[in-house]
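**Student:** What follows is the file coords-v9.txt, containing compact mmCIF, C-alpha atoms:
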```
# COMPACT_ATOMS: atom_id res chain seq x y z
CA MET A 1 -9.18 -25.99 3.11
CA ARG A 2 -11.72 -24.33 0.85
CA ASN A 3 -15.47 -24.69 1.20
CA LYS A 4 -16.68 -24.52 -2.41
CA LEU A 5 -20.33 -24.38 -1.37
CA THR A 6 -19.92 -21.20 0.67
CA ASP A 7 -16.83 -19.68 -1.02
CA GLU A 8 -15.00 -19.73 2.29
CA LEU A 9 -11.37 -20.38 3.20
CA ALA A 10 -10.27 -21.93 6.50
CA ILE A 11 -7.63 -19.88 8.34
CA CYS A 12 -5.98 -21.82 11.16
CA GLY A 13 -3.26 -21.10 13.70
CA MET A 14 -3.21 -18.52 16.48
CA ASN A 15 -1.21 -15.77 14.75
CA ALA A 16 -2.99 -16.16 11.41
CA VAL A 17 -6.48 -15.96 12.95
CA LEU A 18 -5.55 -13.13 15.32
CA ALA A 19 -4.24 -11.13 12.33
CA VAL A 20 -7.55 -11.54 10.50
CA CYS A 21 -9.46 -10.55 13.65
CA GLU A 22 -7.40 -7.38 13.98
CA ASN A 23 -7.29 -6.31 10.34
CA HIS A 24 -10.40 -7.70 8.66
CA PRO A 25 -12.86 -8.86 11.33
CA LEU A 26 -15.84 -8.52 9.01
CA ALA A 27 -14.32 -11.13 6.70
CA ILE A 28 -14.88 -13.79 9.37
CA ASN A 29 -18.10 -15.70 8.87
CA ARG A 30 -17.65 -18.45 11.46
CA LEU A 31 -15.18 -19.23 14.23
CA PHE A 32 -14.31 -22.59 15.79
CA LEU A 33 -12.01 -22.77 18.80
CA ARG A 34 -10.92 -24.85 21.74
CA GLU A 35 -12.14 -23.77 25.15
CA ASP A 36 -8.62 -22.78 26.24
CA ARG A 37 -8.42 -20.30 23.35
CA PHE A 38 -11.67 -18.50 24.13
CA ASN A 39 -10.12 -15.71 26.22
CA SER A 40 -7.92 -14.70 23.27
CA PHE A 41 -10.96 -14.30 21.01
CA THR A 42 -13.69 -12.86 23.24
CA GLY A 43 -13.79 -9.65 21.20
CA ILE A 44 -14.36 -11.31 17.85
CA CYS A 45 -16.85 -13.74 19.41
CA LYS A 46 -18.86 -10.75 20.64
CA GLN A 47 -18.72 -9.18 17.18
CA LEU A 48 -19.84 -12.42 15.55
CA ALA A 49 -22.77 -12.68 17.95
CA GLU A 50 -23.78 -9.09 17.14
CA ARG A 51 -23.63 -9.95 13.43
CA ARG A 52 -25.58 -13.16 14.09
CA ARG A 53 -22.66 -15.26 12.89
CA PRO A 54 -21.81 -18.47 14.76
CA TYR A 55 -18.85 -19.42 16.88
CA LYS A 56 -18.39 -22.80 18.50
CA ILE A 57 -16.22 -24.42 21.15
CA CYS A 58 -14.70 -27.57 19.65
CA ASP A 59 -12.23 -30.31 20.50
CA ASP A 60 -9.06 -30.96 18.49
CA GLU A 61 -10.63 -33.71 16.43
CA GLU A 62 -13.45 -31.49 15.20
CA LEU A 63 -11.05 -28.61 14.46
CA GLU A 64 -8.91 -30.97 12.39
CA ARG A 65 -11.95 -32.05 10.40
CA ILE A 66 -12.92 -28.43 9.75
CA CYS A 67 -9.55 -27.24 8.43
CA LYS A 68 -8.11 -30.59 7.23
CA SER A 69 -4.92 -30.01 9.23
CA VAL A 70 -3.47 -31.03 12.58
CA HIS A 71 -1.72 -27.64 12.74
CA HIS A 72 -4.77 -25.63 13.78
CA GLN A 73 -3.35 -24.58 17.20
CA GLY A 74 -6.80 -24.63 18.67
CA VAL A 75 -8.59 -22.12 16.43
CA VAL A 76 -10.07 -22.03 12.92
CA ALA A 77 -11.77 -19.07 11.24
CA MET A 78 -13.85 -19.46 8.10
CA ILE A 79 -13.43 -16.28 6.09
CA GLU A 80 -14.71 -14.88 2.84
CA GLU A 81 -12.31 -16.38 0.35
CA PRO A 82 -9.71 -13.87 -0.90
CA VAL A 83 -9.28 -13.81 -4.66
CA ILE A 84 -5.96 -12.73 -6.15
CA GLU A 85 -6.59 -9.87 -8.56
CA PRO A 86 -4.51 -9.21 -11.69
CA LEU A 87 -1.78 -6.60 -11.33
CA ASN A 88 -2.71 -3.38 -13.11
CA LEU A 89 -0.83 -0.24 -14.12
CA ASP A 90 -2.14 1.70 -11.12
CA ASP A 91 -0.57 -0.87 -8.78
CA LEU A 92 2.78 -0.57 -10.51
CA ASN A 93 2.72 3.23 -10.58
CA LEU A 94 1.82 3.47 -6.89
CA TRP A 95 4.55 1.01 -6.02
CA ALA A 96 7.11 3.04 -7.96
CA ASP A 97 5.96 6.52 -6.89
CA GLU A 98 6.06 5.63 -3.19
CA GLY A 99 9.36 3.74 -3.36
CA LYS A 100 7.83 0.48 -2.18
CA THR A 101 9.48 -2.92 -2.03
CA GLY A 102 7.86 -5.94 -3.62
CA VAL A 103 8.55 -9.59 -4.36
CA ILE A 104 8.00 -11.32 -7.69
CA LEU A 105 7.76 -15.10 -7.38
CA HIS A 106 8.32 -17.22 -10.47
CA SER A 107 7.44 -20.90 -9.97
CA VAL A 108 8.12 -20.90 -6.25
CA GLY A 109 7.01 -24.52 -6.01
CA ASN A 110 4.36 -24.90 -3.33
CA ASP A 111 2.10 -23.07 -0.93
CA HIS A 112 4.39 -23.61 2.06
CA ASN A 113 7.13 -21.67 0.28
CA LEU A 114 4.64 -18.97 -0.61
CA GLY A 115 3.55 -18.65 3.01
CA ALA A 116 7.13 -18.54 4.29
CA VAL A 117 8.13 -15.87 1.76
CA ALA A 118 5.06 -13.84 2.69
CA ARG A 119 6.03 -14.02 6.36
CA ALA A 120 9.52 -12.68 5.61
CA ALA A 121 8.06 -10.04 3.30
CA ALA A 122 5.67 -8.66 5.91
CA PHE A 123 8.44 -8.65 8.53
CA PHE A 124 10.62 -6.46 6.29
CA ASP A 125 7.88 -4.00 5.24
CA VAL A 126 7.25 -5.35 1.75
CA SER A 127 4.07 -4.00 0.15
CA PHE A 128 3.35 -6.41 -2.70
CA ILE A 129 3.81 -10.04 -3.66
CA VAL A 130 3.29 -10.75 -7.35
CA LEU A 131 2.70 -14.33 -8.50
CA ASN A 132 2.84 -15.91 -11.92
CA GLU A 133 -0.41 -17.53 -13.00
CA LYS A 134 1.48 -20.68 -14.02
CA ASP A 135 2.92 -21.09 -10.54
CA SER A 136 2.16 -24.46 -8.97
CA SER A 137 1.38 -22.80 -5.63
CA PHE A 138 -1.91 -21.72 -7.20
CA ASN A 139 -4.83 -24.04 -7.50
CA GLU A 140 -6.81 -24.09 -10.71
CA GLU A 141 -8.89 -21.09 -9.67
CA MET A 142 -6.08 -18.76 -8.58
CA ARG A 143 -6.74 -18.66 -4.85
CA LEU A 144 -4.66 -18.78 -1.70
CA THR A 145 -4.72 -21.93 0.41
CA THR A 146 -5.16 -22.72 4.07
CA SER A 147 -1.58 -24.03 4.23
CA ALA A 148 -0.09 -20.87 2.72
CA CYS A 149 -2.03 -18.66 5.14
CA ARG A 150 -1.07 -20.80 8.15
CA VAL A 151 2.66 -20.74 7.32
CA ALA A 152 2.46 -16.99 6.67
CA GLU A 153 1.38 -16.43 10.30
CA GLY A 154 -0.90 -13.52 9.39
CA ALA A 155 1.46 -11.92 6.85
CA PHE A 156 -1.12 -11.77 4.07
CA GLU A 157 -3.08 -9.22 6.12
CA HIS A 158 -0.21 -6.78 5.48
CA LEU A 159 0.47 -7.54 1.81
CA ALA A 160 -1.23 -6.83 -1.48
CA VAL A 161 -1.08 -10.04 -3.52
CA ARG A 162 -1.43 -9.72 -7.29
CA ARG A 163 -1.01 -12.04 -10.26
CA ILE A 164 0.56 -11.71 -13.70
CA LYS A 165 0.49 -13.89 -16.80
CA SER A 166 4.17 -13.56 -17.74
CA THR A 167 7.04 -12.66 -15.44
CA ALA A 168 9.32 -11.62 -18.32
CA SER A 169 6.66 -9.38 -19.90
CA PHE A 170 5.85 -7.77 -16.57
CA LEU A 171 9.52 -7.07 -15.84
CA LYS A 172 9.98 -5.51 -19.27
CA ASP A 173 7.56 -2.79 -18.18
CA ALA A 174 8.49 -2.75 -14.49
CA VAL A 175 12.20 -2.11 -15.09
CA LYS A 176 11.26 1.33 -16.41
CA ARG A 177 9.85 2.27 -12.99
CA LEU A 178 11.56 -0.03 -10.48
CA VAL A 179 14.94 -1.49 -9.66
CA THR A 180 14.33 -5.16 -10.47
CA ILE A 181 16.73 -7.50 -8.69
CA GLY A 182 17.04 -11.02 -10.07
CA THR A 183 18.65 -13.84 -8.13
CA ASP A 184 21.04 -16.55 -9.35
CA THR A 185 23.50 -18.73 -7.43
CA ARG A 186 26.03 -18.21 -10.26
CA ALA A 187 25.73 -14.43 -10.52
CA ARG A 188 28.91 -12.37 -10.61
CA MET A 189 27.65 -9.69 -8.22
CA ARG A 190 26.82 -10.38 -4.59
CA ILE A 191 24.05 -9.28 -2.27
CA SER A 192 26.61 -6.90 -0.69
CA ASP A 193 26.69 -4.98 -3.99
CA LEU A 194 23.03 -4.01 -3.59
CA ALA A 195 23.59 -0.59 -1.99
CA GLY A 196 25.90 0.50 -4.79
CA ILE A 197 23.43 -0.63 -7.46
CA VAL A 198 20.48 1.22 -5.93
CA SER A 199 22.49 4.45 -5.55
CA THR A 200 23.75 4.70 -9.15
CA PRO A 201 22.48 7.65 -11.21
CA LYS A 202 20.62 5.26 -13.51
CA THR A 203 18.54 3.76 -10.71
CA ALA A 204 18.31 6.83 -8.47
CA LYS A 205 16.44 8.76 -11.17
CA LEU A 206 13.60 6.25 -10.93
CA ARG A 207 12.42 8.15 -7.88
CA GLN A 208 13.37 11.72 -7.10
CA GLY A 209 14.16 12.58 -3.48
CA GLY A 210 14.34 9.07 -2.08
CA ARG A 211 15.02 5.41 -2.61
CA PRO A 212 13.51 3.97 -5.78
CA GLY A 213 10.96 1.20 -5.66
CA ILE A 214 12.52 -2.25 -5.67
CA ALA A 215 11.22 -5.58 -6.91
CA LEU A 216 13.01 -8.74 -5.79
CA VAL A 217 12.58 -11.56 -8.31
CA LEU A 218 12.87 -15.09 -6.92
CA GLY A 219 12.74 -18.33 -8.88
CA ASN A 220 12.34 -22.04 -8.36
CA GLU A 221 14.86 -23.62 -5.97
CA GLU A 222 15.86 -26.31 -8.48
CA THR A 223 15.87 -24.45 -11.78
CA GLY A 224 16.19 -20.79 -10.74
CA LEU A 225 15.01 -17.96 -12.96
CA PRO A 226 14.76 -18.65 -16.70
CA LYS A 227 16.97 -16.63 -19.04
CA ASP A 228 14.13 -14.52 -20.45
CA VAL A 229 13.29 -13.37 -16.90
CA LYS A 230 16.89 -12.63 -15.93
CA ASP A 231 17.38 -10.67 -19.15
CA GLN A 232 14.68 -8.21 -18.04
CA CYS A 233 16.13 -7.54 -14.56
CA SER A 234 18.12 -4.45 -13.62
CA CYS A 235 20.76 -6.70 -12.05
CA ILE A 236 21.39 -10.28 -10.96
CA LEU A 237 22.76 -10.97 -7.49
CA ARG A 238 23.76 -14.02 -5.47
CA ILE A 239 24.16 -14.90 -1.81
CA PRO A 240 27.73 -16.14 -1.29
CA GLY A 241 28.24 -19.30 0.74
CA THR A 242 30.62 -22.19 1.29
CA GLY A 243 29.31 -24.27 -1.59
CA ASN A 244 28.66 -27.23 0.70
CA ILE A 245 24.98 -26.88 -0.19
CA ASP A 246 23.91 -25.85 -3.68
CA SER A 247 21.41 -23.23 -2.61
CA LEU A 248 19.15 -21.91 0.14
CA ASN A 249 15.46 -22.53 0.44
CA VAL A 250 13.62 -19.78 -1.44
CA SER A 251 12.16 -18.35 1.78
CA GLN A 252 15.62 -18.22 3.38
CA ALA A 253 16.99 -16.42 0.34
CA ALA A 254 14.03 -14.06 0.38
CA ALA A 255 14.65 -13.17 4.03
CA LEU A 256 18.33 -12.36 3.42
CA PHE A 257 17.63 -10.21 0.37
CA LEU A 258 14.69 -8.42 1.98
CA HIS A 259 16.74 -7.63 5.07
CA ALA A 260 19.45 -6.12 2.85
CA ILE A 261 16.83 -4.04 1.02
CA TYR A 262 15.20 -2.97 4.29
CA GLU A 263 18.57 -1.72 5.58
CA LEU A 264 19.20 0.53 2.56
```
Once you've parsed the file, please lay out its structure as structure tokens.

**Tutor:**
Amino acid sequence: MRNKLTDELAICGMNAVLAVCENHPLAINRLFLREDRFNSFTGICKQLAERRRPYKICDDEELERICKSVHHQGVVAMIEEPVIEPLNLDDLNLWADEGKTGVILHSVGNDHNLGAVARAAAFFDVSFIVLNEKDSSFNEEMRLTTSACRVAEGAFEHLAVRRIKSTASFLKDAVKRLVTIGTDTRARMRISDLAGIVSTPKTAKLRQGGRPGIALVLGNEETGLPKDVKDQCSCILRIPGTGNIDSLNVSQAAALFLHAIYEL
């Protein structure tokens, strides 16, 4: 839930709020919590009091009104609203030079998927998530949502989130610096081929003395990646399965691919 009058975003859920308290405590403007949660947040409550910012003991009904969700888990923090900045050349160069892993999401569908992918990304040491401006998980003003942050369980505190106007155009430049891995349920190569792809002379030269930077490109669960996006990827891989179900949820696919990348 966004407060347009104060440019604040509601962060709810124990792990999500604790992550903000640990990593960006000064971003918290107000805190609302149930009495049974107070002991977990005494430190931030003391900081808020020192900064003359309010905190309040509330019941579940009031917490639900504040964050517009029943999934608050007894605590809601109102933070300075994070704005997703455009990806610039410095971001891409840093990503490539340090051999980082990132995720490119093209039309992922909704903010719950975004939050779940972010959770998997942070778990497997991903540095960046890049989103397309036309993605429906954005609202009209290109901001994260309470739902995405809640599902992410604090993951956004460990990720740089950037936006691009065109996935295909971005990949056309990124493929010169990164190994860009597209995903398709009909691809010839499998996720098990990843290690061989990353170790070829063509990809190894992208970073001397270590593993090259990698960008995993994930598309919509129903339509997948469009042809112009796949054409710009270094390779296209699939996750083999029985065929009983057409495909995995995008966050499940992300977790499997990111684990394989993490293990390289």

**Student:** Considering all atoms listed in the file, can you say which of A:Leu225, A:Ala16, A:Leu258, A:Cys233 comes closest to Glu153 of chain A?

**Tutor:**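 Checking each of A:Leu225, A:Ala16, A:Leu258, A:Cys233 against Glu153 of chain A, counting all atoms listed in the file, the winner is A:Ala16.
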
**Student:** Which distance in Å separates atom CA of Ala118 of chain A and atom CA of Arg177 of chain A, to one decimal?

**Tutor:**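 Between atom CA of Ala118 of chain A and atom CA of Arg177 of chain A the gap works out to 23.0 Å.
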
**Student:** Out of A:Arg150, A:Phe41, A:Ser251, A:His259, which residue has the shortest atom-to-atom distance to Ser192 of chain A when counting all atoms listed in the file?

**Tutor:**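 The closest residue to Ser192 of chain A is A:His259.
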
**Student:** For each of A:Val17, A:Asp90, A:Ala255, A:Cys235, take the minimum atom-to-atom distance to Arg188 of chain A, counting all atoms listed in the file, then give the residue where this is smallest.

**Tutor:**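 Once distances to Arg188 of chain A are computed over all atoms listed in the file, the minimum belongs to A:Cys235.
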
**Student:** Find the residues around segment 19-26 of chain A up to 12 Å (only C-alpha atoms counted), leave out those fewer than 5 positions away in its own chain, and share them as a short mmCIF file (atom, residue, chain, number, x, y, z; two decimals) with C-alpha atoms, in the frame of the given file.

**Tutor:**
```
data_model
loop_
_atom_site.label_atom_id
_atom_site.label_comp_id
_atom_site.auth_asym_id
_atom_site.auth_seq_id
_atom_site.Cartn_x
_atom_site.Cartn_y
_atom_site.Cartn_z
CA ALA A 10 -10.27 -21.93 6.50
CA ILE A 11 -7.63 -19.88 8.34
CA CYS A 12 -5.98 -21.82 11.16
CA GLY A 13 -3.26 -21.10 13.70
CA MET A 14 -3.21 -18.52 16.48
CA LEU A 31 -15.18 -19.23 14.23
CA SER A 40 -7.92 -14.70 23.27
CA PHE A 41 -10.96 -14.30 21.01
CA THR A 42 -13.69 -12.86 23.24
CA GLY A 43 -13.79 -9.65 21.20
CA ILE A 44 -14.36 -11.31 17.85
CA CYS A 45 -16.85 -13.74 19.41
CA LYS A 46 -18.86 -10.75 20.64
CA GLN A 47 -18.72 -9.18 17.18
CA LEU A 48 -19.84 -12.42 15.55
CA GLU A 50 -23.78 -9.09 17.14
CA ARG A 51 -23.63 -9.95 13.43
CA ARG A 52 -25.58 -13.16 14.09
CA ARG A 53 -22.66 -15.26 12.89
CA VAL A 75 -8.59 -22.12 16.43
CA VAL A 76 -10.07 -22.03 12.92
CA ALA A 77 -11.77 -19.07 11.24
CA MET A 78 -13.85 -19.46 8.10
CA ILE A 79 -13.43 -16.28 6.09
CA GLU A 80 -14.71 -14.88 2.84
CA PRO A 82 -9.71 -13.87 -0.90
CA CYS A 149 -2.03 -18.66 5.14
CA ARG A 150 -1.07 -20.80 8.15
CA ALA A 152 2.46 -16.99 6.67
CA GLU A 153 1.38 -16.43 10.30
CA GLY A 154 -0.90 -13.52 9.39
CA ALA A 155 1.46 -11.92 6.85
CA PHE A 156 -1.12 -11.77 4.07
CA GLU A 157 -3.08 -9.22 6.12
CA HIS A 158 -0.21 -6.78 5.48
CA LEU A 159 0.47 -7.54 1.81
#
```

**Student:** Measuring atom to atom with only C-alpha atoms, identify which of A:Asn220, A:Ser234, A:Asn132, A:Asn88 is nearest to Ile164 of chain A.

**Tutor:** A:Asn132
